[in-house]
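Below is the file model_2.txt, which contains compact mmCIF, N, CA, C and O atoms.
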# COMPACT_ATOMS: atom_id res chain seq x y z
N MET N 100 86.16 95.41 90.43
CA MET N 100 87.11 96.40 90.92
C MET N 100 87.33 96.18 92.41
O MET N 100 86.40 95.92 93.15
N ARG N 101 88.56 96.31 92.81
CA ARG N 101 88.85 96.16 94.23
C ARG N 101 88.97 97.52 94.90
O ARG N 101 89.24 98.54 94.25
N ARG N 102 88.78 97.52 96.18
CA ARG N 102 88.90 98.74 96.97
C ARG N 102 90.37 98.99 97.28
O ARG N 102 91.14 98.07 97.55
N LEU N 103 90.78 100.26 97.25
CA LEU N 103 92.16 100.60 97.61
C LEU N 103 92.36 100.36 99.10
O LEU N 103 91.46 100.62 99.91
N THR N 104 93.54 99.92 99.47
CA THR N 104 93.84 99.73 100.88
C THR N 104 94.17 101.09 101.51
O THR N 104 94.53 102.04 100.79
N PRO N 105 94.06 101.21 102.83
CA PRO N 105 94.44 102.47 103.46
C PRO N 105 95.89 102.86 103.14
O PRO N 105 96.19 104.04 102.94
N ARG N 106 96.79 101.88 103.06
CA ARG N 106 98.19 102.18 102.73
C ARG N 106 98.29 102.78 101.33
O ARG N 106 99.05 103.72 101.10
N GLU N 107 97.55 102.24 100.37
CA GLU N 107 97.58 102.78 99.00
C GLU N 107 97.02 104.20 98.98
O GLU N 107 97.55 105.08 98.29
N CYS N 108 95.98 104.44 99.75
CA CYS N 108 95.41 105.79 99.83
C CYS N 108 96.40 106.77 100.44
O CYS N 108 96.51 107.91 99.99
N GLU N 109 97.12 106.32 101.47
CA GLU N 109 98.14 107.17 102.08
C GLU N 109 99.21 107.53 101.07
O GLU N 109 99.65 108.69 100.99
N ARG N 110 99.63 106.57 100.29
CA ARG N 110 100.65 106.84 99.27
C ARG N 110 100.15 107.82 98.22
O ARG N 110 100.88 108.71 97.79
N LEU N 111 98.89 107.67 97.79
CA LEU N 111 98.33 108.59 96.81
C LEU N 111 98.24 110.02 97.35
O LEU N 111 98.38 110.98 96.61
N MET N 112 98.01 110.13 98.66
CA MET N 112 97.88 111.44 99.28
C MET N 112 99.23 112.05 99.65
O MET N 112 99.31 113.19 100.09
N GLY N 113 100.31 111.28 99.50
CA GLY N 113 101.64 111.79 99.80
C GLY N 113 102.09 111.58 101.23
O GLY N 113 103.07 112.18 101.67
N PHE N 114 101.38 110.75 101.99
CA PHE N 114 101.76 110.46 103.37
C PHE N 114 102.65 109.22 103.42
O PHE N 114 102.60 108.38 102.53
N PRO N 115 103.43 109.07 104.48
CA PRO N 115 104.23 107.84 104.64
C PRO N 115 103.32 106.63 104.86
O PRO N 115 102.17 106.78 105.30
N ASP N 116 103.82 105.45 104.60
CA ASP N 116 103.05 104.22 104.83
C ASP N 116 102.62 104.15 106.29
O ASP N 116 103.38 104.48 107.20
N ASP N 117 101.39 103.71 106.50
CA ASP N 117 100.80 103.51 107.82
C ASP N 117 100.75 104.78 108.66
O ASP N 117 100.75 104.74 109.89
N TYR N 118 100.68 105.92 108.03
CA TYR N 118 100.59 107.21 108.72
C TYR N 118 99.34 107.29 109.59
O TYR N 118 99.36 107.88 110.67
N THR N 119 98.23 106.70 109.12
CA THR N 119 96.98 106.75 109.87
C THR N 119 96.77 105.53 110.75
O THR N 119 95.74 105.42 111.40
N LEU N 120 97.71 104.62 110.78
CA LEU N 120 97.61 103.42 111.60
C LEU N 120 98.09 103.75 113.01
O LEU N 120 99.24 103.53 113.37
N VAL N 121 97.20 104.32 113.81
CA VAL N 121 97.55 104.81 115.14
C VAL N 121 96.86 103.96 116.21
O VAL N 121 95.86 103.30 115.94
N PRO N 122 97.39 103.99 117.43
CA PRO N 122 96.74 103.23 118.52
C PRO N 122 95.34 103.77 118.80
O PRO N 122 95.10 104.98 118.75
N TRP N 123 94.43 102.84 119.10
CA TRP N 123 93.04 103.23 119.35
C TRP N 123 92.37 102.16 120.20
O TRP N 123 92.30 101.00 119.77
N ARG N 124 91.93 102.53 121.38
CA ARG N 124 91.21 101.62 122.28
C ARG N 124 91.93 100.29 122.50
O ARG N 124 91.34 99.22 122.37
N GLY N 125 93.20 100.35 122.77
CA GLY N 125 93.97 99.15 123.05
C GLY N 125 94.39 98.37 121.83
O GLY N 125 95.05 97.35 121.93
N GLY N 126 94.05 98.82 120.66
CA GLY N 126 94.45 98.15 119.42
C GLY N 126 94.91 99.19 118.41
O GLY N 126 95.48 100.22 118.78
N LEU N 127 94.65 98.92 117.15
CA LEU N 127 94.98 99.87 116.09
C LEU N 127 93.69 100.37 115.44
O LEU N 127 92.67 99.68 115.44
N LEU N 128 93.75 101.56 114.90
CA LEU N 128 92.58 102.19 114.29
C LEU N 128 92.06 101.33 113.13
O LEU N 128 92.83 100.91 112.27
N PRO N 129 90.75 101.04 113.11
CA PRO N 129 90.18 100.25 112.00
C PRO N 129 90.27 101.00 110.67
O PRO N 129 90.50 102.21 110.62
N ASP N 130 90.06 100.27 109.58
CA ASP N 130 90.19 100.86 108.24
C ASP N 130 89.19 101.98 107.99
O ASP N 130 89.52 102.97 107.35
N GLY N 131 87.96 101.85 108.45
CA GLY N 131 86.92 102.86 108.18
C GLY N 131 87.33 104.26 108.60
O GLY N 131 87.29 105.20 107.79
N PRO N 132 87.72 104.44 109.86
CA PRO N 132 88.17 105.78 110.27
C PRO N 132 89.45 106.24 109.56
O PRO N 132 89.67 107.43 109.37
N ARG N 133 90.28 105.29 109.16
CA ARG N 133 91.49 105.65 108.41
C ARG N 133 91.10 106.24 107.05
O ARG N 133 91.66 107.26 106.63
N TYR N 134 90.14 105.60 106.37
CA TYR N 134 89.67 106.14 105.09
C TYR N 134 89.07 107.53 105.29
O TYR N 134 89.29 108.44 104.49
N LYS N 135 88.31 107.70 106.37
CA LYS N 135 87.68 109.00 106.63
C LYS N 135 88.74 110.08 106.89
O LYS N 135 88.63 111.19 106.37
N ALA N 136 89.76 109.73 107.68
CA ALA N 136 90.83 110.69 107.96
C ALA N 136 91.54 111.10 106.66
O ALA N 136 91.86 112.27 106.46
N LEU N 137 91.79 110.14 105.80
CA LEU N 137 92.45 110.44 104.53
C LEU N 137 91.54 111.26 103.62
O LEU N 137 92.00 112.15 102.90
N GLY N 138 90.25 110.97 103.66
CA GLY N 138 89.30 111.73 102.84
C GLY N 138 89.17 113.17 103.29
O GLY N 138 88.85 114.05 102.50
N ASN N 139 89.39 113.42 104.57
CA ASN N 139 89.29 114.78 105.11
C ASN N 139 90.61 115.54 105.02
O ASN N 139 90.67 116.71 105.41
N SER N 140 91.65 114.90 104.54
CA SER N 140 92.95 115.56 104.46
C SER N 140 93.16 116.18 103.08
O SER N 140 92.34 116.02 102.19
N MET N 141 94.25 116.88 102.95
CA MET N 141 94.64 117.45 101.66
C MET N 141 95.90 116.75 101.18
O MET N 141 96.79 116.46 101.99
N ALA N 142 95.98 116.51 99.91
CA ALA N 142 97.14 115.81 99.35
C ALA N 142 98.40 116.66 99.54
O ALA N 142 98.45 117.82 99.13
N VAL N 143 99.40 116.07 100.16
CA VAL N 143 100.64 116.78 100.48
C VAL N 143 101.29 117.33 99.22
O VAL N 143 101.72 118.49 99.18
N ASN N 144 101.34 116.52 98.17
CA ASN N 144 102.00 116.96 96.93
C ASN N 144 101.29 118.16 96.31
O ASN N 144 101.94 119.10 95.85
N CYS N 145 99.98 118.15 96.33
CA CYS N 145 99.22 119.28 95.76
C CYS N 145 99.39 120.53 96.60
O CYS N 145 99.56 121.63 96.05
N MET N 146 99.35 120.40 97.92
CA MET N 146 99.50 121.55 98.79
C MET N 146 100.90 122.15 98.67
O MET N 146 101.07 123.37 98.70
N ARG N 147 101.90 121.31 98.51
CA ARG N 147 103.28 121.78 98.32
C ARG N 147 103.36 122.59 97.02
O ARG N 147 103.96 123.67 96.98
N TRP N 148 102.76 122.08 95.96
CA TRP N 148 102.79 122.77 94.66
C TRP N 148 102.08 124.12 94.77
O TRP N 148 102.59 125.13 94.28
N ILE N 149 100.92 124.14 95.41
CA ILE N 149 100.17 125.39 95.56
C ILE N 149 100.99 126.40 96.36
O ILE N 149 101.06 127.59 96.01
N GLY N 150 101.62 125.94 97.45
CA GLY N 150 102.45 126.85 98.27
C GLY N 150 103.60 127.44 97.48
O GLY N 150 103.91 128.63 97.60
N ARG N 151 104.24 126.61 96.67
CA ARG N 151 105.36 127.11 95.84
C ARG N 151 104.88 128.10 94.80
O ARG N 151 105.56 129.10 94.52
N ARG N 152 103.72 127.86 94.23
CA ARG N 152 103.18 128.80 93.23
C ARG N 152 102.83 130.13 93.89
O ARG N 152 103.07 131.20 93.31
N ILE N 153 102.25 130.08 95.08
CA ILE N 153 101.93 131.33 95.79
C ILE N 153 103.21 132.10 96.08
O ILE N 153 103.26 133.32 95.88
N ALA N 154 104.24 131.41 96.54
CA ALA N 154 105.52 132.08 96.82
C ALA N 154 106.11 132.68 95.55
O ALA N 154 106.66 133.79 95.58
N MET N 155 106.00 131.96 94.43
CA MET N 155 106.54 132.47 93.18
C MET N 155 105.79 133.73 92.73
O MET N 155 106.42 134.74 92.37
N VAL N 156 104.48 133.71 92.79
CA VAL N 156 103.69 134.88 92.39
C VAL N 156 103.95 136.05 93.33
O VAL N 156 104.06 137.20 92.89
N ASP N 157 104.08 135.76 94.61
CA ASP N 157 104.38 136.81 95.58
C ASP N 157 105.74 137.44 95.27
O ASP N 157 105.91 138.65 95.34
N GLY N 158 106.71 136.60 94.90
CA GLY N 158 108.03 137.10 94.53
C GLY N 158 107.99 137.95 93.27
O GLY N 158 108.65 138.98 93.18
N LEU N 159 107.18 137.53 92.30
CA LEU N 159 107.04 138.32 91.07
C LEU N 159 106.36 139.65 91.35
O LEU N 159 106.74 140.67 90.78
N ALA N 160 105.37 139.66 92.23
CA ALA N 160 104.68 140.91 92.58
C ALA N 160 105.65 141.85 93.28
O ALA N 160 105.64 143.06 93.02
N ALA N 161 106.47 141.32 94.18
CA ALA N 161 107.45 142.17 94.87
C ALA N 161 108.48 142.72 93.89
O ALA N 161 108.87 143.89 93.97
N LEU N 162 108.90 141.90 92.93
CA LEU N 162 109.88 142.34 91.94
C LEU N 162 109.30 143.44 91.06
O LEU N 162 109.95 144.45 90.80
N SER N 163 108.06 143.28 90.64
CA SER N 163 107.44 144.30 89.77
C SER N 163 107.21 145.60 90.53
O SER N 163 107.32 146.69 89.95
N SER N 164 106.92 145.52 91.83
CA SER N 164 106.74 146.75 92.60
C SER N 164 108.08 147.47 92.80
O SER N 164 108.12 148.70 92.83
N LEU N 165 109.17 146.71 92.91
CA LEU N 165 110.49 147.34 93.01
C LEU N 165 110.87 148.02 91.70
O LEU N 165 111.43 149.11 91.69
N GLU N 166 110.57 147.37 90.58
CA GLU N 166 110.88 147.95 89.28
C GLU N 166 110.05 149.19 89.02
O GLU N 166 110.52 150.15 88.42
N ALA N 167 108.81 149.19 89.50
CA ALA N 167 107.95 150.37 89.31
C ALA N 167 108.42 151.55 90.14
O ALA N 167 108.23 152.70 89.77
N ALA N 168 109.04 151.28 91.28
CA ALA N 168 109.52 152.34 92.16
C ALA N 168 110.76 153.04 91.60
O ALA N 168 111.07 154.15 91.96
N GLU N 169 111.48 152.36 90.70
CA GLU N 169 112.71 152.94 90.14
C GLU N 169 112.44 153.96 89.11
O GLU N 169 111.82 154.49 88.52
What is this file in structure tokens?
Amino acid sequence: MRRLTPRECERLMGFPDDYTLVPWRGGLLPDGPRYKALGNSMAVNCMRWIGRRIAMVDGLAALSSLEAAE
């Protein structure tokens, strides 16, 4: 089995290519810290889905409270 590249990990997490490839000490950030940064992040696609579900449930709760007030 081969190890995923940092670019592949970024894609899986929903980030643009080379999102973690930032300047560091006159060069570019090595792969190790890039993997760590990605491991400490939250997947963009999952967080977007969770946010939309929270908004939907909040909207349903507001609608039911309006109907109960009538």
> Which of segment 100-163 of chain N counts as helix (DSSP H, G or I) under DSSP, as a PyMOL selection string please?
Replying inline: chain N and resi 105-112+130-138+143-163
> Between N:Ala167, N:Gly150, N:Pro105, N:Leu159, which one has atoms that come closest to Asp117 of chain N, using only N, CA, C and O atoms?
Replying inline: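 Selected residue with least distance to Asp117 of chain N: N:Pro105.
One distance worth recording is that between atom N of Tyr134 of chain N and atom CA of Met100 of chain N, which is 18.2 Å.
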>> Just want the 8 Å neighbourhood of segment 139-142 of chain N, counted on all atoms listed in the file, with same-chain residues fewer than 2 positions away dropped. Output as a PyMOL selection string.
In response: chain N and resi 108-109+111-114+132-137+144-149
> Expressed in Å to a single decimal, how great is the separation between atom C of Leu103 of chain N and atom N of Pro115 of chain N?
Replying inline: 15.1 Å
Box centre and edge lengths (Å, one decimal), axis-aligned, segment 108-123 of chain N plus 4 Å each side, as lines of an AutoDock Vina configuration file:
center_x = 98.3
center_y = 107.1
center_z = 108.4
size_x = 19.9
size_y = 20.2
size_z = 31.6
> Would you give me, as a PyMOL selection string, the residues in chain N that DSSP reads as strand (DSSP E or B)?
Replying inline: chain N and resi 122-123+126-127
> For Pro129 of chain N, which of N:Ser163, N:Met155, N:Thr104, N:Ala168 is the closest residue, counting only C-alpha atoms?
Replying inline: N:Thr104
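Here atom CA of Gly138 of chain N and atom CA of Ile153 of chain N stand 24.4 Å from one another.
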